[in-house]
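In what follows, a single structure is set out as structure tokens and then discussed.
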Amino acid sequence: MEYNTGMPIYLQVIHELKKKMVKGELKPGEKMPSNRDLAVLYKVNQNTAARIYREMETRGYCFTKRGIGTFVSEEEEMFEDLKKEMAGELLRNFIHEMEDLGYEKDDIISQIEDYKEEQK
Amino acid sequence: MILECRNLTKTYRGKKAVADLSLSLENGKIYGLLGENGSGKTTLMKMIAGLVKPAEGEILYHGHPLEYRDKAHIAYMSTEPFYYDYMKVSDVGRYYEDFFEDFDRKYFQDLIGKFGLEEGMKAKDMSTGMSAKLKIAATLARKSELCMLDEPLNGVDYKAREEIIALILEEADDKRTFLLSTHLIDEIESFVEKAFFIKSGELIKGMDLEAERMASGRSLTDVYMDIM
């Protein structure tokens, strides 16, 4: 994974894992990699891997069964919330950047429509 | 805390190789040791390994002054190869087994296999990447608490580098502490927890990577460029 090295690495990995959950690459109830495997997979140390799971657990994205491992949450609503949250984040950044360029709401919408038209 | 260096000084021919250097290492973390060639990184590691005696200062291992017995728990991999050209991979294993009580032969064989090396390969026929992997495998097959690797990634091709890093990450659990020296700052950026910057034998700065990113948005490379 390519990192933005000026941003905390653990947050970037969490973001990536959230995306995998929304895209269905990590399914409800699925067992997540061990700390050790997560560390190798994302080129982080095992303390960061543990921190990632701790943080995700606190936010309800996953849960730990003692001695067995970490599992993706089984709550469907969580996945919907996650999807909305991530879309919201993207939109917020996009709108912010567009407004910076001087676009207003209606312009932005027509820009999107034009873009989608061109892509066809 | 696994290791503490207090005011270490080492002089070679009147020139200070390490000057009044203090630092400490906590258990189960990966540390980076950064600095130019000749900045004192190797001398520092050799002092911790008990190979070089400090002129001044002291080294505490688990709170007591470093003594002969502790050597068994501290692994140091030097930049120079430690084996002879005629040796095969299996000879290196036997050699290490004779030398170090904590050397795990079976585990060495696992690592060799994982790295795509074979027991019958001769050291003199190996590429730089292969001999770097052999060195790492032999060093890590000692199940030492403290592993110091001097330039483990230097001159190693991309694929071997990735394999070496993966092995370090696998091995660096709560029972093992790593101190890595390297010039390849980009390579270690994502996984080193704390970096020590050394210049002319002095410790210029200790940097907690995630905390620094959080506080100032600066990466290891940014800080390195600023202060070195």
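Going through the structure tokens in order, the chains are called A, B, and so on, while each chain numbers its residues from 1 and the ligands are numbered from 1 in the order shown.
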**Report entry** Exercise answer, chain B residues close to chain A, 6 Å and only C-alpha atoms, as a PyMOL selection string
**Finding:** chain B and resi 166+169-170+190-191+210+213-214+217-219
Could you pull out the residues in region 141-226 of chain B that DSSP calls alpha helix (DSSP H) from the backbone, as an mmCIF file with C-alpha atoms, in the first residue's frame?
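Once written, selection-v1.cif looks like this:
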```cif
data_model
loop_
_atom_site.group_PDB
_atom_site.id
_atom_site.type_symbol
_atom_site.label_atom_id
_atom_site.label_comp_id
_atom_site.auth_asym_id
_atom_site.auth_seq_id
_atom_site.Cartn_x
_atom_site.Cartn_y
_atom_site.Cartn_z
ATOM 1 C CA TYR B 158 13.727 -4.616 -4.439
ATOM 2 C CA LYS B 159 12.240 -8.076 -4.076
ATOM 3 C CA ALA B 160 14.783 -9.293 -1.536
ATOM 4 C CA ARG B 161 14.336 -6.047 0.366
ATOM 5 C CA GLU B 162 10.599 -6.615 0.617
ATOM 6 C CA GLU B 163 11.201 -10.184 1.795
ATOM 7 C CA ILE B 164 13.647 -9.045 4.457
ATOM 8 C CA ILE B 165 11.268 -6.369 5.717
ATOM 9 C CA ALA B 166 8.393 -8.868 5.837
ATOM 10 C CA LEU B 167 10.505 -11.211 7.946
ATOM 11 C CA ILE B 168 11.481 -8.430 10.349
ATOM 12 C CA LEU B 169 7.826 -7.448 10.760
ATOM 13 C CA GLU B 170 6.864 -11.030 11.411
ATOM 14 C CA GLU B 171 9.605 -11.489 13.982
ATOM 15 C CA ILE B 185 14.759 5.970 4.971
ATOM 16 C CA ASP B 186 11.774 5.584 2.634
ATOM 17 C CA GLU B 187 11.910 1.839 3.099
ATOM 18 C CA ILE B 188 11.454 1.924 6.858
ATOM 19 C CA LEU B 209 7.145 8.643 13.981
ATOM 20 C CA GLU B 210 3.379 8.402 14.449
ATOM 21 C CA ALA B 211 3.339 11.153 17.089
ATOM 22 C CA GLU B 212 5.327 13.432 14.790
ATOM 23 C CA ARG B 213 2.973 12.781 11.867
ATOM 24 C CA MET B 214 0.033 13.502 14.121
ATOM 25 C CA ALA B 215 1.522 16.682 15.582
ATOM 26 C CA SER B 216 3.234 18.281 12.609
ATOM 27 C CA LEU B 220 10.714 10.621 8.735
ATOM 28 C CA THR B 221 12.197 11.841 5.454
ATOM 29 C CA ASP B 222 11.040 15.418 6.141
ATOM 30 C CA VAL B 223 12.643 15.454 9.564
ATOM 31 C CA TYR B 224 15.813 13.795 8.292
ATOM 32 C CA MET B 225 16.229 16.413 5.567
ATOM 33 C CA ASP B 226 15.654 19.184 8.102
#
```
Requested in this report: Apply DSSP to the structure's backbone, then extract all residues of region 69-105 of chain B labelled strand (DSSP E) and return them as a list in words.
Outcome: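 DSSP-assigned strand (DSSP E) residues in region 69-105 of chain B: Ile74, Ala75, Tyr76 and Met77 of chain B.
Shortest atom-to-atom contact with Ile95 (chain A) among A:Glu57, A:Glu117, A:Glu77, A:Asp107: A:Asp107, counting only C-alpha atoms.
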**Report entry** Using only C-alpha atoms: which of A:Met56, A:Lys120, A:Leu91, A:Met32 has the shortest distance to Ile108 (chain A)
**Finding:**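 Of A:Met56, A:Lys120, A:Leu91, A:Met32, the one nearest Ile108 (chain A) is A:Leu91, counting only C-alpha atoms.
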